[in-house]
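Okay, structure01.txt is below, compact mmCIF, C-alpha atoms:
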```txt
# COMPACT_ATOMS: atom_id res chain seq x y z
CA MET Q 1 131.00 -1.81 93.79
CA SER Q 2 127.88 -1.61 95.96
CA LYS Q 3 129.98 -2.68 98.98
CA VAL Q 4 132.13 0.45 98.68
CA GLY Q 5 130.73 3.34 100.71
CA ILE Q 6 131.14 7.08 100.70
CA ASP Q 7 133.29 7.03 103.85
CA TYR Q 8 135.81 4.63 102.31
CA VAL Q 9 136.03 6.57 99.03
CA THR Q 10 136.48 9.90 100.80
CA GLU Q 11 139.13 8.41 103.09
CA ARG Q 12 141.14 7.20 100.10
CA VAL Q 13 140.88 10.57 98.37
CA ARG Q 14 141.83 12.50 101.51
CA ALA Q 15 144.83 10.18 101.96
CA VAL Q 16 146.12 11.40 98.60
CA ILE Q 17 145.74 15.04 99.62
CA ASN Q 18 147.36 14.44 103.01
CA GLU Q 19 150.40 12.80 101.41
CA MET Q 20 150.74 15.58 98.86
CA THR Q 21 150.59 18.34 101.47
CA ARG Q 22 153.58 16.79 103.24
CA TYR Q 23 155.69 17.97 100.30
CA PHE Q 24 153.68 20.55 98.37
CA VAL Q 25 154.00 24.00 99.92
CA GLY Q 26 151.07 25.77 98.34
CA ASP Q 27 147.33 26.25 98.39
CA GLU Q 28 145.58 23.01 99.37
CA GLU Q 29 142.51 24.17 97.46
CA VAL Q 30 144.55 24.04 94.23
CA LEU Q 31 145.47 20.43 95.00
CA MET Q 32 141.83 19.58 95.65
CA LYS Q 33 140.72 21.06 92.34
CA ILE Q 34 143.41 19.21 90.36
CA LEU Q 35 142.51 15.97 92.12
CA ALA Q 36 138.80 16.62 91.49
CA SER Q 37 139.52 16.94 87.78
CA ILE Q 38 141.41 13.62 87.82
CA ILE Q 39 138.54 11.94 89.71
CA ALA Q 40 136.10 13.37 87.17
CA GLY Q 41 138.13 11.84 84.32
CA GLY Q 42 139.43 15.15 83.01
CA HIS Q 43 142.73 16.67 81.97
CA VAL Q 44 144.39 19.70 83.56
CA LEU Q 45 146.13 22.74 82.09
CA ILE Q 46 148.45 24.44 84.58
CA GLU Q 47 149.31 27.95 83.43
CA ASP Q 48 151.92 29.75 85.47
CA VAL Q 49 155.33 31.39 85.36
CA PRO Q 50 158.47 29.21 85.57
CA GLY Q 51 159.65 27.97 88.94
CA THR Q 52 156.28 27.63 90.69
CA GLY Q 53 156.46 23.83 90.95
CA LYS Q 54 154.31 22.68 88.03
CA THR Q 55 156.57 19.79 87.02
CA ILE Q 56 157.37 18.68 90.59
CA LEU Q 57 153.68 18.73 91.51
CA SER Q 58 152.82 16.55 88.50
CA LYS Q 59 155.55 14.00 89.26
CA MET Q 60 154.54 13.77 92.92
CA LEU Q 61 150.88 13.38 92.05
CA ALA Q 62 151.62 10.50 89.65
CA LYS Q 63 153.68 8.81 92.38
CA VAL Q 64 150.98 9.22 95.04
CA LEU Q 65 148.31 7.89 92.66
CA GLY Q 66 150.51 4.91 91.75
CA LEU Q 67 150.34 5.65 88.01
CA ARG Q 68 152.96 5.08 85.33
CA PHE Q 69 154.42 8.52 84.61
CA SER Q 70 155.77 9.98 81.39
CA ARG Q 71 157.10 13.48 80.76
CA ILE Q 72 157.18 14.98 77.27
CA GLN Q 73 159.09 18.23 76.77
CA PHE Q 74 157.30 20.01 73.95
CA THR Q 75 159.51 21.90 71.47
CA PRO Q 76 158.91 23.54 68.08
CA ASP Q 77 160.71 20.74 66.20
CA LEU Q 78 158.65 17.94 67.77
CA LEU Q 79 156.81 15.55 65.43
CA PRO Q 80 153.59 13.61 66.18
CA SER Q 81 155.57 10.36 65.97
CA ASP Q 82 157.82 11.64 68.78
CA ILE Q 83 154.91 11.45 71.20
CA ILE Q 84 152.58 8.74 69.87
CA GLY Q 85 155.14 6.38 68.30
CA THR Q 86 155.75 4.99 64.83
CA LYS Q 87 156.37 1.81 62.85
CA VAL Q 88 160.02 0.89 62.29
CA TRP Q 89 161.27 -1.49 59.62
CA ARG Q 90 163.19 -4.42 61.10
CA PRO Q 91 165.27 -6.10 58.33
CA ASP Q 92 166.04 -9.14 60.49
CA LYS Q 93 162.30 -9.81 60.89
CA ASP Q 94 161.40 -8.59 57.38
CA SER Q 95 158.49 -6.62 58.86
CA PHE Q 96 157.51 -3.36 60.52
CA GLU Q 97 157.60 -3.20 64.31
CA LEU Q 98 155.29 -0.89 66.23
CA VAL Q 99 157.28 1.35 68.60
CA LEU Q 100 154.99 3.10 71.09
CA GLY Q 101 155.72 6.68 72.10
CA PRO Q 102 155.87 8.26 75.57
CA ILE Q 103 152.17 9.06 75.51
CA PHE Q 104 151.52 5.40 76.38
CA ALA Q 105 151.46 5.97 80.12
CA ASN Q 106 148.74 6.53 82.70
CA PHE Q 107 149.90 9.99 83.71
CA VAL Q 108 151.44 12.19 81.02
CA LEU Q 109 153.06 15.55 81.74
CA ALA Q 110 152.98 17.66 78.57
CA ASP Q 111 155.53 20.30 79.55
CA GLU Q 112 155.25 23.67 77.78
CA VAL Q 113 152.54 22.32 75.52
CA ASN Q 114 152.14 25.62 73.65
CA ARG Q 115 155.65 25.22 72.19
CA ALA Q 116 154.51 22.28 70.07
CA PRO Q 117 153.45 22.84 66.42
CA PRO Q 118 149.78 22.32 65.45
CA LYS Q 119 150.26 18.75 64.13
CA VAL Q 120 151.61 17.62 67.49
CA GLN Q 121 148.82 19.42 69.33
CA SER Q 122 146.30 17.62 67.09
CA ALA Q 123 147.82 14.24 67.96
CA LEU Q 124 147.59 15.10 71.64
CA LEU Q 125 143.98 16.24 71.13
CA GLU Q 126 142.93 12.83 69.78
CA ALA Q 127 144.62 11.11 72.70
CA MET Q 128 142.91 13.35 75.27
CA GLN Q 129 139.46 13.19 73.73
CA GLU Q 130 139.28 9.66 72.38
CA GLY Q 131 141.67 7.76 74.67
CA GLN Q 132 143.43 6.41 71.59
CA VAL Q 133 146.05 7.28 68.97
CA THR Q 134 146.37 6.48 65.29
CA ILE Q 135 149.77 5.31 64.03
CA GLU Q 136 149.98 4.92 60.24
CA GLY Q 137 146.30 4.02 60.01
CA GLU Q 138 146.28 1.68 63.01
CA THR Q 139 144.18 2.81 65.99
CA ILE Q 140 145.60 1.85 69.38
CA LYS Q 141 143.87 2.33 72.72
CA LEU Q 142 145.74 4.14 75.49
CA PRO Q 143 146.08 2.59 78.96
CA GLN Q 144 143.42 3.49 81.49
CA PRO Q 145 143.29 5.62 83.52
CA PHE Q 146 144.81 8.16 81.15
CA ILE Q 147 145.51 11.65 82.49
CA VAL Q 148 147.23 14.58 80.81
CA ILE Q 149 148.57 17.46 82.84
CA ALA Q 150 149.84 20.13 80.48
CA THR Q 151 151.81 23.21 81.47
CA GLN Q 152 152.37 26.50 79.73
CA ASN Q 153 154.08 29.79 80.51
CA PRO Q 154 151.59 32.68 80.07
CA ILE Q 155 154.19 35.42 79.68
CA GLU Q 156 156.90 34.01 77.39
CA LEU Q 157 155.05 33.75 74.08
CA GLU Q 158 157.85 34.11 71.53
CA GLY Q 159 158.11 30.98 69.40
CA THR Q 160 154.91 29.46 70.79
CA TYR Q 161 151.75 28.14 69.15
CA PRO Q 162 148.75 29.26 71.24
CA LEU Q 163 146.36 26.40 71.94
CA PRO Q 164 143.24 26.66 69.76
CA GLU Q 165 139.86 26.94 71.47
CA ALA Q 166 138.99 23.37 70.46
CA GLN Q 167 141.95 22.03 72.41
CA LEU Q 168 141.49 24.34 75.39
CA ASP Q 169 137.94 22.99 75.63
CA ARG Q 170 139.35 19.47 76.12
CA PHE Q 171 140.97 20.48 79.40
CA MET Q 172 138.51 20.10 82.23
CA ILE Q 173 140.16 22.92 84.17
CA ARG Q 174 142.80 25.57 83.66
CA ILE Q 175 144.45 26.52 86.92
CA ARG Q 176 147.30 28.60 88.29
CA LEU Q 177 149.43 27.46 91.23
CA GLY Q 178 150.57 30.93 92.26
CA TYR Q 179 153.48 31.60 94.59
CA PRO Q 180 153.61 29.76 97.95
CA LYS Q 181 152.22 31.78 100.86
CA ASP Q 182 155.02 30.63 103.15
CA GLU Q 183 158.29 30.51 101.24
CA VAL Q 184 160.30 30.17 104.45
CA GLU Q 185 158.51 26.84 104.98
CA LEU Q 186 159.39 25.92 101.40
CA LEU Q 187 163.08 26.46 102.17
CA ARG Q 188 162.82 24.40 105.37
CA ARG Q 189 161.27 21.50 103.49
CA ARG Q 190 163.89 21.74 100.75
CA ILE Q 191 166.55 21.06 103.42
CA SER Q 192 164.58 18.08 104.75
CA TRP Q 193 164.18 16.65 101.22
CA ARG Q 194 168.00 16.74 100.70
CA SER Q 195 167.37 17.30 96.98
CA ASN Q 196 165.38 19.58 94.70
CA ASP Q 197 162.97 16.77 93.85
CA PRO Q 198 161.17 15.05 96.75
CA THR Q 199 159.35 12.58 94.46
CA PRO Q 200 161.43 9.52 95.51
CA GLN Q 201 160.35 10.11 99.13
CA VAL Q 202 156.65 10.40 98.31
CA ARG Q 203 154.53 7.44 99.39
CA THR Q 204 152.19 5.71 96.93
CA VAL Q 205 148.64 5.81 98.29
CA LEU Q 206 146.39 4.64 95.43
CA ASN Q 207 146.73 2.65 92.23
CA GLY Q 208 145.09 2.79 88.81
CA ASP Q 209 142.36 0.27 89.65
CA GLU Q 210 141.40 2.19 92.80
CA LEU Q 211 141.20 5.44 90.86
CA LEU Q 212 138.90 3.82 88.31
CA MET Q 213 136.82 2.47 91.21
CA ILE Q 214 136.51 5.98 92.68
CA ARG Q 215 135.47 7.35 89.29
CA ASP Q 216 132.84 4.65 88.95
CA PHE Q 217 131.57 5.34 92.47
CA VAL Q 218 131.14 9.05 91.68
CA GLU Q 219 129.27 8.29 88.46
CA SER Q 220 126.96 5.81 90.18
CA ASN Q 221 126.36 7.34 93.58
CA VAL Q 222 126.86 11.12 93.77
CA LYS Q 223 123.49 12.81 93.39
CA ILE Q 224 122.80 16.27 92.00
CA SER Q 225 119.44 17.99 92.37
CA ASP Q 226 117.49 19.74 89.62
CA ASP Q 227 118.03 23.08 91.39
CA VAL Q 228 121.82 22.67 91.28
CA MET Q 229 121.61 21.57 87.63
CA LYS Q 230 119.61 24.71 86.83
CA TYR Q 231 122.25 26.78 88.64
CA ILE Q 232 124.93 25.24 86.39
CA VAL Q 233 122.89 25.86 83.23
CA SER Q 234 122.15 29.47 84.27
CA PHE Q 235 125.76 30.30 83.36
CA ASN Q 236 124.96 29.80 79.69
CA VAL Q 237 123.72 33.42 79.88
CA ILE Q 238 127.39 34.34 79.38
CA ARG Q 239 126.91 33.41 75.72
CA LYS Q 240 124.72 36.52 75.33
CA ASP Q 241 127.23 38.90 76.90
CA PRO Q 242 128.12 41.61 74.33
CA ARG Q 243 131.83 41.20 75.16
CA VAL Q 244 131.82 37.50 74.29
CA LEU Q 245 132.20 35.79 70.92
CA ALA Q 246 131.58 32.28 72.28
CA GLY Q 247 130.42 31.37 75.77
CA PRO Q 248 130.71 28.13 77.72
CA SER Q 249 129.92 25.10 75.58
CA PRO Q 250 127.60 22.26 76.61
CA ARG Q 251 130.79 20.24 77.21
CA GLY Q 252 131.86 22.98 79.63
CA LEU Q 253 128.60 22.74 81.58
CA ILE Q 254 128.96 18.94 81.77
CA ALA Q 255 132.54 19.42 83.00
CA LEU Q 256 131.28 21.83 85.66
CA MET Q 257 128.78 19.26 86.88
CA SER Q 258 131.46 16.55 86.93
CA MET Q 259 133.82 18.79 88.89
CA GLY Q 260 131.05 19.56 91.38
CA ARG Q 261 130.39 15.86 91.96
CA ALA Q 262 134.10 15.19 92.50
CA MET Q 263 134.38 18.09 94.96
CA ALA Q 264 131.43 16.63 96.88
CA ILE Q 265 133.30 13.32 97.26
CA ILE Q 266 136.42 15.12 98.52
CA ASP Q 267 134.21 16.86 101.10
CA GLY Q 268 132.70 13.52 102.20
CA ARG Q 269 129.24 13.90 100.64
CA ASP Q 270 127.33 11.85 98.08
CA TYR Q 271 125.32 14.88 96.95
CA VAL Q 272 126.32 18.17 95.32
CA ILE Q 273 125.68 21.55 96.91
CA PRO Q 274 125.92 24.94 95.14
CA ASP Q 275 129.20 25.72 96.90
CA ASP Q 276 130.80 22.72 95.14
CA ILE Q 277 129.93 24.33 91.82
CA LYS Q 278 130.87 27.84 92.89
CA SER Q 279 134.31 26.73 94.12
CA VAL Q 280 135.40 25.39 90.71
CA ILE Q 281 133.44 27.45 88.20
CA VAL Q 282 136.20 29.94 87.35
CA GLU Q 283 138.75 27.19 86.62
CA THR Q 284 136.19 25.14 84.66
CA LEU Q 285 134.53 27.79 82.48
CA GLY Q 286 137.08 30.63 82.28
CA HIS Q 287 139.18 29.11 79.50
CA ARG Q 288 136.09 28.15 77.50
CA ILE Q 289 135.07 31.76 76.87
CA VAL Q 290 136.23 33.48 73.69
CA LEU Q 291 136.27 37.26 74.03
CA LYS Q 292 135.97 39.83 71.29
CA PRO Q 293 139.45 41.08 70.31
CA GLU Q 294 138.88 44.62 71.52
CA VAL Q 295 137.79 43.31 74.93
CA ALA Q 296 140.83 41.02 75.25
CA LEU Q 297 143.11 43.93 74.37
CA GLU Q 298 141.72 45.79 77.38
CA GLY Q 299 143.11 43.05 79.61
CA VAL Q 300 139.77 41.37 80.38
CA SER Q 301 139.92 37.56 80.67
CA GLY Q 302 137.36 34.78 80.52
CA GLU Q 303 137.91 34.23 84.24
CA ASP Q 304 136.97 37.87 84.90
CA ILE Q 305 133.69 37.42 83.02
CA VAL Q 306 132.86 34.25 84.97
CA ARG Q 307 133.57 35.96 88.30
CA GLU Q 308 131.15 38.76 87.36
CA TYR Q 309 128.36 36.26 86.70
CA VAL Q 310 129.11 34.30 89.88
CA GLU Q 311 128.26 37.50 91.75
CA LYS Q 312 125.15 38.19 89.63
CA ILE Q 313 123.48 34.79 89.44
CA PRO Q 314 121.52 33.85 92.58
CA ILE Q 315 122.58 30.68 94.40
CA PRO Q 316 119.77 28.15 94.97
CA ARG Q 317 118.90 27.53 98.59
```
Exercise: express the given structure as structure tokens:
Amino acid sequence: MSKVGIDYVTERVRAVINEMTRYFVGDEEVLMKILASIIAGGHVLIEDVPGTGKTILSKMLAKVLGLRFSRIQFTPDLLPSDIIGTKVWRPDKDSFELVLGPIFANFVLADEVNRAPPKVQSALLEAMQEGQVTIEGETIKLPQPFIVIATQNPIELEGTYPLPEAQLDRFMIRIRLGYPKDEVELLRRRISWRSNDPTPQVRTVLNGDELLMIRDFVESNVKISDDVMKYIVSFNVIRKDPRVLAGPSPRGLIALMSMGRAMAIIDGRDYVIPDDIKSVIVETLGHRIVLKPEVALEGVSGEDIVREYVEKIPIPR
């Protein structure tokens, strides 16, 4: 590991972004933040209206990273065994056979995750947090790396089960793709793809072992000063805001530091600067803030609160 340098790691990461931008017509900064979360070992919640490319982006990213991909369409009638697997009786063998579910992949797309009932969400929670599942009392480790990208539609809420705060906290970031700035370019590329899904044309740039190597490099080599750590911790003042029931958790502050270190690598540095933190703070802390009901009814969001404090809190020099 000591032979791997910052230049090599950054070159590999930038190669992923460059390949993705050949097909993804959208904000490159969104790509960088999603990739930073993956580098930091986190999971991603993409919240946006239908048709903005959430599923296509996830499939392309799995292909570029060289990871085994699995897509689970979450529905109200889904059972935990439908995603983690079960034990099936085989009469010819006179024994139970373990049948693994679709969650046994390196890159799992949990599509419309808020349509799943609470039991299924709990099974997913164990997988995300512990890197393992329990099938009829037997604990089985998931393959590594293990990444969940979940999607949900923020406007169509009929028949959905809103994710509890405990599960939202397990996502390193919550992000919105938004509409492409240049939709004419999107149409041009659609013609060049010759299909609605360009994934088969996407080139594989990394593999699972290289991703684990990059993660290890970040953990071992990317430095963060006490001043930047204090800047991160200063956002715990949100907990005292009279509009807030629960502010960012310690896990949220750790996630913010991890995201900052990953962003530093993407930018070619082995040290974190305040701008690394500032660039990802809304996506990292916004969904970890629980507002008082009367405040939420006024249309204020956790992201709005975080943006206010980004403006208030002085940046270390």
Within 8 Å of segment 266-290 of chain Q: each segment 24-59 of chain Q residue with its shortest pair, only C-alpha atoms, as a Markdown table:
```
| residue | atom | partner | partner_atom | distance |
| --- | --- | --- | --- | --- |
| Q:Met32 | CA | Q:Ile266 | CA | 7.6 |
| Q:Lys33 | CA | Q:Val280 | CA | 7.1 |
| Q:Ala36 | CA | Q:Ile266 | CA | 7.6 |
```
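Of the listed residues Q:Val4, Q:Leu79, Q:Ile313, Q:Val44, the one whose atoms come nearest to Ile232 of chain Q is Q:Ile313, with distances taken using only C-alpha atoms.
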Inset, instruction - For atom CA of Gly299 of chain Q and atom CA of Ile149 of chain Q, determine how far apart the two atoms are, in Å to one decimal place. - result: 26.4 Å
Inset, instruction - Determine, counting only C-alpha atoms, which protein, DNA and RNA residues have an atom within 7 Å of an atom of segment 50-62 of chain Q; residues of the same chain fewer than 5 positions away are not included. Present the result as a PyMOL selection string. - result: chain Q and resi 67+69+107+109+153+177-179+197+199+202
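Around segment 238-250 of chain Q, within 8 Å and counting only C-alpha atoms, the residues found are Q:Phe235, Q:Asn236, Q:Gly252, Q:Leu253, Q:Ile254, Q:Leu285, Q:Arg288, Q:Ile289, Q:Val290, Q:Leu291, Q:Lys292, Q:Val295, Q:Ile305, Q:Val306, Q:Tyr309, once anything fewer than 2 positions away on its own chain is removed.
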Emit the selected residues as a compact mmCIF listing (two decimals), in the coordinates of the input, including C-alpha atoms.
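This is the output file again.txt:
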```
# COMPACT_ATOMS: atom_id res chain seq x y z
CA PHE Q 235 125.76 30.30 83.36
CA ASN Q 236 124.96 29.80 79.69
CA GLY Q 252 131.86 22.98 79.63
CA LEU Q 253 128.60 22.74 81.58
CA ILE Q 254 128.96 18.94 81.77
CA LEU Q 285 134.53 27.79 82.48
CA ARG Q 288 136.09 28.15 77.50
CA ILE Q 289 135.07 31.76 76.87
CA VAL Q 290 136.23 33.48 73.69
CA LEU Q 291 136.27 37.26 74.03
CA LYS Q 292 135.97 39.83 71.29
CA VAL Q 295 137.79 43.31 74.93
CA ILE Q 305 133.69 37.42 83.02
CA VAL Q 306 132.86 34.25 84.97
CA TYR Q 309 128.36 36.26 86.70
```
Inset, instruction - May I ask which of the residues Q:Ala262, Q:Leu142, Q:Leu124, Q:Ala166 is the closest one to Asp216 of chain Q, counting only C-alpha atoms? - result: Q:Ala262
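Here atom CA of Glu298 of chain Q is placed at a distance of 22.2 Å from atom CA of Gln152 of chain Q.
Distance-wise, atom CA of Val218 of chain Q and atom CA of Lys141 of chain Q end up 23.8 Å apart.
If you measure from each of Q:Gln129, Q:Asn18, Q:Thr10, Q:Ser225 to Arg251 of chain Q using only C-alpha atoms, the closest one turns out to be Q:Gln129.
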Around segment 159-175 of chain Q, fit a box with edges along x, y and z, padding it by 6 Å on each side, then list its centre and edge lengths in Å to one decimal as JSON.
```
{"center_x": 148.0, "center_y": 25.2, "center_z": 78.0, "size_x": 32.2, "size_y": 23.5, "size_z": 29.8}
```
Inset, instruction - Give me the residues within 12 Å of Gly131 of chain Q as a count of residues only, counting all atoms listed in the file and dropping any in the same chain fewer than 2 places off. - result: 27
Legend entry - Residue nearest Asp111 of chain Q - candidates Q:Leu98, Q:Ile6, Q:Val88, Q:Ala150, atoms counted: all atoms listed in the file: Q:Ala150
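The smallest atom-to-atom distance between Met213 of chain Q and any of Q:Ala255, Q:Ile46, Q:Val9, Q:Ile315, using all atoms listed in the file, is found for Q:Val9.
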